[in-house]
Every structure is written in C-alpha cells, then in structure tokens.
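Written below as structure tokens is the structure these notes are about.
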Amino acid sequence: MNLNKESIADALMHLPAVAAKGNMIDTGEVANIQVFGREVDVDLAIANPALHVRKKAEADVAAAIQRTFGTDVKVRVNTVVRVPDKPARKGPESLHGVRHIIAVASGKGGVGKSTVTANLALGLRDMGYRVGLVDADIYGPSMPIMFDVERERPGVQNIDGHSTMVPVMAHGIKLMSIGFFADPDQAIVWRGPMATKALNQLFGDVHWGELDYLLVDLPPGTGDIHLTLVGGIPLTGAVVVSTPQPVALADARKGVSMCRRYSVNVPVLGMVENMAWFTPDELPDNRYYIFGREGAARLAETLGIPLLGQIPLVQSIREAGDVGRPAILQGTGPVAEAFRALSANVVKVVNEVVAETENAHAN
C-alpha cells in the first residue's frame with residue numbers, strides 16, 4: 001500500500017475520536033498529515049486537555065500507521081488543545097474581560113473570610129495574575145480597612161458615552177466596596193432590594209477591564225446577596241471558609257449545600273480551614289488546636305471537595321489586617337507561605353474545573 005495522505009487517513013478512520021462522537025478523521029481531530037518518504041507527521045487537535053488522554057491518542061495514531069505500513073515508518077504526532085467556542089456569558093458587559101470570578105463564602109460570621117479573601121487576592125497577584133476584589137458584604141464592609149484605603153473614593157471615567165466607576169487600586173488590586181460610599185461610623189440599614197441593587201452596581205457600573213481573577217467577598221449566610229450573585233454573575237466557582245469548630249462546620253456545610261442546589265449549581269472549588277491551630281510568637285514551632293483539630297479537613301473529605309489550605313491563628317495576621325497590610329505582604333514565614341500555598345491550590349483547582357467544563361461543552 002502506498003504511503004500517502006489518503007491511505008494514512010484511511011488507516012486512521014477506525015480510531016474513535018477523543019472528545020466527540022465518531023472517528024478522528026470525520027471529527028477533524030486529525031488536523032493535518034504530512035509525508036516525507038518513510039516519515040509521517042500527524043497533527044492532532046483535540047478538546048480534552050488531560051495529559052494522559054493526549055498521550056494515549058498519540059500512541060494510538062502511531063500504532064495504527066505502523067501496523068498498516070510497517071514498523072520502519074517513523075511517526076511523529078503533535079497535539080494541540082482545541083478550545084471550543086464558549087456560549088455567551090451571562091452578566092453585565094463590564095465583566096466580559098474577566099476570566100474567572102470566584103466567590104469566597106462562609107456559612108457563619110467571624111471565621112476570617114475577609115482576611116482569607118484579601119490574602120488570596122495578593123497571593124494571586126504575586127503569581128503574576130491581574131486581580132480584582134469586590135467587597136460584597138454590604139452591611140459590614142471591611143476591605144477598605146484591610147487595604148488601608150478608607151479615605152479613597154472610586155474615580156469616574158466616561159466610556160462610550162456612559163459614566164463608569166473606576167476601582168480603587170490598593171497593593172496592585174482593583175478594589176470596590178460599599179464602604180467607599182458610606183461614613184465609617186454610619187450603619188447601612190437597607191432592605192433586601194436596596195442591598196441587591198447596590199451589589200449589582202459594584203459589578204455592572206464599574207470599569208473592571210481585563211482581569212484574570214475577580215474575587216467576591218460575600219457576607220455570611222445564604223440570603224438575598226448570594227442569590228443575586230448566583231443569578232446574575234458568571235461565577236467560576238466558590239471557596240468556602242470555616243474554622244475547625246463544630247458550630248462553624250455546620251454552617252459551612254450549609255454553604256456548600258447552597259452552591260450544590262440545582263437552582264444554584266456553582267462549582268465548589270474547595271474549603272479553607274482558617275484558625276487551624278494557634279502558634280504563639282515566642283513558640284513558633286508549637287501548635288495548639290484551640291477550635292478543634294482538622295474539623296474542616298475532615299468535612300472537606302466527607303463532602304468530596306478539596307482542602308485548599310490550612311491557615312494558622314497567629315496574632316500578626318490580625319494586626320496586619322488592622323493596619324491595611326495583609327499578612328502575606330510579610331514576604332516570608334509560615335503565615336505568608338500558608339497563603340501562598342492556598343493561592344496555588346486555588347489556581348490548580350480553577351484550571352481543572354474550567355478544563356472539565358470546556359470538555360463537557362465540546363461533547
């Protein structure tokens with residue numbers, strides 16, 4: 001049999017497609033075939049980015065060619081990931097330049113969710129990503145204090161004839177909070193519709209530009225704010241923060257349950273165990289499990305979600321947040337390393353979730 005493009009295509013016709021129904025030839029997964037004497041180059045374009053899947057496809061192609069034309073044929077298979085066309089994104093146009101939107105939630109207040117969010121934002125920034133942060137805790141905004149920008153106010157920019165707010169820049173993070181528009185000593189007393197309208201404005205009336213990650217610091221609980229966010233914003237997933245103590249874990253379980261409801265259906269990226277242990281400054285190698293030991297770690301395992309990180313209870317974390325310099329800015333030490341590990345794990349899980357979604361869309 002002559003070794004040419006047509007005969008090679010016939011030999012590959014029986015190979016099932018990797019990420020579609022049919023065979024590799026008819027689905028276009030064999031993108032190109034070139035023949036140079038007894039050498040063959042085959043380009044594959046598949047929508048499944050898993051490494052083991054790509055390697056198997058390459059081996060199957062090489063084996064099929066050599067089985068048909070002889071083992072002396074030298075076969076090179078090059079694979080690229082075909083990114084499928086994505087469906088139109090929901091949400092305001094101002095968010096169309098944002099790649100990933102991650103909600104940081106907790107079922108219970110006082111577990112350090114805002115502290116985790118602030119340090120996660122800076123950890124992602126240190127990894128080279130462009131990051132924004134929405135302080136969606138309408139009734140108790142804390143990000144202006146944590147980033148030392150209490151006196152700052154968002155700018156205004158005219159874009160296509162419309163006045164749009166420009167986020168406050170703090171430590172390289174684009175930041176929006178209802179705290180920029182209210183007196184620090186004034187309680188925000190709004191009914192649900194007013195709060196949800198304000199939240200929509202923090203997303204839709206702001207020029208976010210191009211961002212890799214937009215973090216959303218949610219209020220505790222599962223109320224109007226959460227339903228508004230899920231219904232109108234294209235969330236990539238949610239991170240749930242809890243301490244190890246049973247009362248916090250019970251509420252964290254409810255937060256995970258809310259995300260998994262059919263009507264909500266937001267991927268839970270994983271859980272963060274905050275205040276996992278106490279380490280005093282004078283005994284940096286000691287761990288005291290004040291709130292219980294690995295409660296959130298066990299809950300994550302029970303619920304089948306990743307444990308993204310364990311953050312110790314250290315006095316410097318609280319002090320750093322109070323003066324507007326989140327703890328990760330210390331640069332070194334166990335606290336900064338814990339937040340860096342958390343950031344790296346979030347990126348890893350986000351990439352996995354996105355790959356699974358794109359693969360499901362392709363199929």
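Lettering and numbering for the structure tokens are positional, with chains as A, B, ... in the shown order, residues counted from 1 in each chain, and ligands counted from 1 in the shown order.
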Which residues, written as a VMD selection string, have at least one atom at most 8 Å from A:Val206, with only C-alpha atoms counted and residues fewer than 6 positions away on the same chain left out? chain A and resid 94 164 to 167
Per residue of stretch 86-131 of chain A within 12 Å of stretch 305-328 of chain A, which atom pair is closest and at what distance in Å (one decimal), using only C-alpha atoms, listed by chain and increasing number, as JSON lines?
{"residue": "A:Val111", "atom": "CA", "partner": "A:Leu313", "partner_atom": "CA", "distance": 10.8}
{"residue": "A:Gly112", "atom": "CA", "partner": "A:Arg318", "partner_atom": "CA", "distance": 9.4}
{"residue": "A:Lys113", "atom": "CA", "partner": "A:Ile311", "partner_atom": "CA", "distance": 11.3}
{"residue": "A:Ser114", "atom": "CA", "partner": "A:Gly321", "partner_atom": "CA", "distance": 9.6}
{"residue": "A:Thr115", "atom": "CA", "partner": "A:Gly321", "partner_atom": "CA", "distance": 7.0}
{"residue": "A:Val116", "atom": "CA", "partner": "A:Ile311", "partner_atom": "CA", "distance": 8.6}
{"residue": "A:Thr117", "atom": "CA", "partner": "A:Pro326", "partner_atom": "CA", "distance": 10.0}
{"residue": "A:Ala118", "atom": "CA", "partner": "A:Pro326", "partner_atom": "CA", "distance": 6.7}
{"residue": "A:Asn119", "atom": "CA", "partner": "A:Ile328", "partner_atom": "CA", "distance": 5.9}
{"residue": "A:Leu120", "atom": "CA", "partner": "A:Ile328", "partner_atom": "CA", "distance": 8.6}
{"residue": "A:Ala121", "atom": "CA", "partner": "A:Ile328", "partner_atom": "CA", "distance": 9.9}
{"residue": "A:Leu122", "atom": "CA", "partner": "A:Ile328", "partner_atom": "CA", "distance": 7.2}
{"residue": "A:Gly123", "atom": "CA", "partner": "A:Ile328", "partner_atom": "CA", "distance": 7.1}
{"residue": "A:Leu124", "atom": "CA", "partner": "A:Ile328", "partner_atom": "CA", "distance": 10.8}
{"residue": "A:Arg125", "atom": "CA", "partner": "A:Ile328", "partner_atom": "CA", "distance": 11.0}
{"residue": "A:Asp126", "atom": "CA", "partner": "A:Ile328", "partner_atom": "CA", "distance": 9.6}
Can you check which parts of stretch 79-138 of chain A lie within 8 Å of stretch 212-217 of chain A? Per residue, the shortest pair of atoms and distance in Å to one decimal, counting only C-alpha atoms, sorted by chain and number, as a tab-separated table.
residue	atom	partner	partner_atom	distance
A:Val98	CA	A:Asp212	CA	5.9
A:Arg99	CA	A:Asp212	CA	5.0
A:His100	CA	A:Tyr213	CA	4.9
A:Ile101	CA	A:Leu214	CA	4.7
A:Ile102	CA	A:Leu215	CA	4.9
A:Ala103	CA	A:Val216	CA	4.6
A:Val104	CA	A:Asp217	CA	5.2
A:Ala105	CA	A:Asp217	CA	6.8
A:Lys113	CA	A:Asp217	CA	7.4
A:Ser114	CA	A:Asp217	CA	6.2
A:Thr117	CA	A:Asp217	CA	6.4
A:Ala121	CA	A:Leu215	CA	7.0
A:Tyr129	CA	A:Asp212	CA	5.8
A:Arg130	CA	A:Asp212	CA	5.1
A:Val131	CA	A:Tyr213	CA	4.9
A:Gly132	CA	A:Leu214	CA	4.5
A:Leu133	CA	A:Leu215	CA	4.7
A:Val134	CA	A:Val216	CA	4.8
A:Asp135	CA	A:Asp217	CA	5.1
A:Ala136	CA	A:Asp217	CA	5.4
A:Asp137	CA	A:Asp217	CA	6.5
Which is closest to A:Ala9 among A:Met271, A:Leu283, A:Ala45, A:Ile65, if we use only C-alpha atoms?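 Ranked by minimum distance to A:Ala9, first place goes to A:Ile65.
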Return as a PyMOL selection string the full set of residues in stretch 9-181 of chain A whose backbone-based DSSP assignment is strand (DSSP E). chain A and resi 30-36+39-46+74-81+98-105+131-135+155-159+162-166+168-170+173-177
Step one, run DSSP on the backbone; step two, keep only residues of stretch 73-301 of chain A assigned to helix (DSSP H, G or I); then write them as a VMD selection string. chain A and resid 93 to 95 113 to 126 143 to 146 178 to 181 192 to 204 224 to 232 246 to 260 295 to 301
Output of the above residues as a compact mmCIF listing (two decimals), in the first residue's frame, restricted to C-alpha atoms:
# COMPACT_ATOMS: atom_id res chain seq x y z
CA GLU A 93 -20.77 43.71 29.90
CA SER A 94 -18.30 45.21 32.37
CA LEU A 95 -17.31 41.67 33.37
CA LYS A 113 -13.42 35.00 55.45
CA SER A 114 -12.46 38.58 54.57
CA THR A 115 -8.91 38.04 55.84
CA VAL A 116 -8.60 34.94 53.67
CA THR A 117 -10.02 36.80 50.66
CA ALA A 118 -7.62 39.73 51.00
CA ASN A 119 -4.57 37.50 51.30
CA LEU A 120 -5.75 35.23 48.49
CA ALA A 121 -6.05 38.26 46.21
CA LEU A 122 -2.48 39.27 46.97
CA GLY A 123 -1.25 35.70 46.60
CA LEU A 124 -2.74 35.55 43.11
CA ARG A 125 -1.17 38.93 42.34
CA ASP A 126 2.23 37.61 43.43
CA MET A 143 -11.84 45.70 52.71
CA PRO A 144 -11.21 49.46 52.87
CA ILE A 145 -9.64 48.91 56.32
CA MET A 146 -7.75 45.79 55.32
CA ILE A 178 -19.81 49.83 49.52
CA GLY A 179 -17.55 51.11 52.30
CA PHE A 180 -16.21 53.73 49.86
CA PHE A 181 -19.64 55.35 49.73
CA GLY A 192 -33.01 43.32 50.56
CA PRO A 193 -33.89 45.05 47.25
CA MET A 194 -31.69 48.06 48.05
CA ALA A 195 -28.78 45.82 49.01
CA THR A 196 -29.04 43.74 45.85
CA LYS A 197 -29.24 46.88 43.69
CA ALA A 198 -26.06 48.18 45.33
CA LEU A 199 -24.35 44.86 44.71
CA ASN A 200 -25.32 44.91 41.03
CA GLN A 201 -23.80 48.38 40.72
CA LEU A 202 -20.49 47.19 42.19
CA PHE A 203 -20.27 44.77 39.27
CA GLY A 204 -22.11 46.41 36.40
CA ASP A 224 -30.56 37.77 49.04
CA ILE A 225 -26.99 38.82 48.27
CA HIS A 226 -25.98 35.26 47.47
CA LEU A 227 -28.99 34.58 45.24
CA THR A 228 -28.44 37.84 43.37
CA LEU A 229 -24.81 36.99 42.76
CA VAL A 230 -25.54 33.49 41.53
CA GLY A 231 -28.38 34.62 39.28
CA GLY A 232 -26.60 37.47 37.56
CA PRO A 246 -18.36 22.14 65.01
CA VAL A 247 -20.67 25.18 65.10
CA ALA A 248 -18.78 26.77 62.19
CA LEU A 249 -18.61 23.48 60.28
CA ALA A 250 -22.38 23.04 60.49
CA ASP A 251 -22.86 26.40 58.77
CA ALA A 252 -20.07 25.70 56.28
CA ARG A 253 -21.89 22.52 55.26
CA LYS A 254 -24.96 24.65 54.54
CA GLY A 255 -22.86 26.96 52.38
CA VAL A 256 -21.64 24.02 50.32
CA SER A 257 -25.20 22.71 50.09
CA MET A 258 -26.40 26.07 48.77
CA CYS A 259 -23.83 26.03 45.97
CA ARG A 260 -24.78 22.48 45.01
CA GLY A 295 -12.54 19.69 61.52
CA ALA A 296 -12.72 21.47 58.15
CA ALA A 297 -10.25 19.00 56.65
CA ARG A 298 -12.50 16.10 57.64
CA LEU A 299 -15.61 17.91 56.39
CA ALA A 300 -13.97 18.57 53.03
CA GLU A 301 -13.14 14.88 52.73
Which value, in Å to one decimal, gives the distance between atom CA of A:Ile138 and atom CA of A:Pro219?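 Answer for the atom CA of A:Ile138 to atom CA of A:Pro219 separation: 7.3 Å.
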Nearest residue to A:Gly70 out of A:Glu29, A:Asn2, A:Val240, A:Leu15, using only C-alpha atoms? A:Asn2
Do a neighbour search on A:Lys56 at 12 Å with only C-alpha atoms, toss out local chain neighbours closer than 2 positions, and write the hits as JSON, numbers by chain. {"A": [15, 16, 17, 18, 44, 48, 50, 51, 52, 53, 54, 58, 59, 60, 61, 62, 63, 77, 79]}
Could you save the residues just selected, with C-alpha atoms, as a CSV table (one decimal), in the first residue's frame?
chain,number,residue,atom,x,y,z
A,15,LEU,CA,-9.8,5.3,15.6
A,16,PRO,CA,-12.5,6.7,17.8
A,17,ALA,CA,-12.5,10.4,18.4
A,18,VAL,CA,-11.2,11.6,21.8
A,44,LEU,CA,-4.0,16.3,16.3
A,48,ASN,CA,-9.6,17.2,26.1
A,50,ALA,CA,-5.8,15.8,30.1
A,51,LEU,CA,-2.2,14.8,29.5
A,52,HIS,CA,-2.8,11.0,29.7
A,53,VAL,CA,-5.6,11.3,27.2
A,54,ARG,CA,-3.3,13.2,24.7
A,58,GLU,CA,-0.7,10.0,20.1
A,59,ALA,CA,0.3,6.4,20.8
A,60,ASP,CA,-2.9,5.0,19.1
A,61,VAL,CA,-2.2,7.1,15.9
A,62,ALA,CA,1.4,6.0,15.7
A,63,ALA,CA,0.5,2.3,16.3
A,77,VAL,CA,2.4,13.1,16.4
A,79,THR,CA,-1.1,17.5,19.7
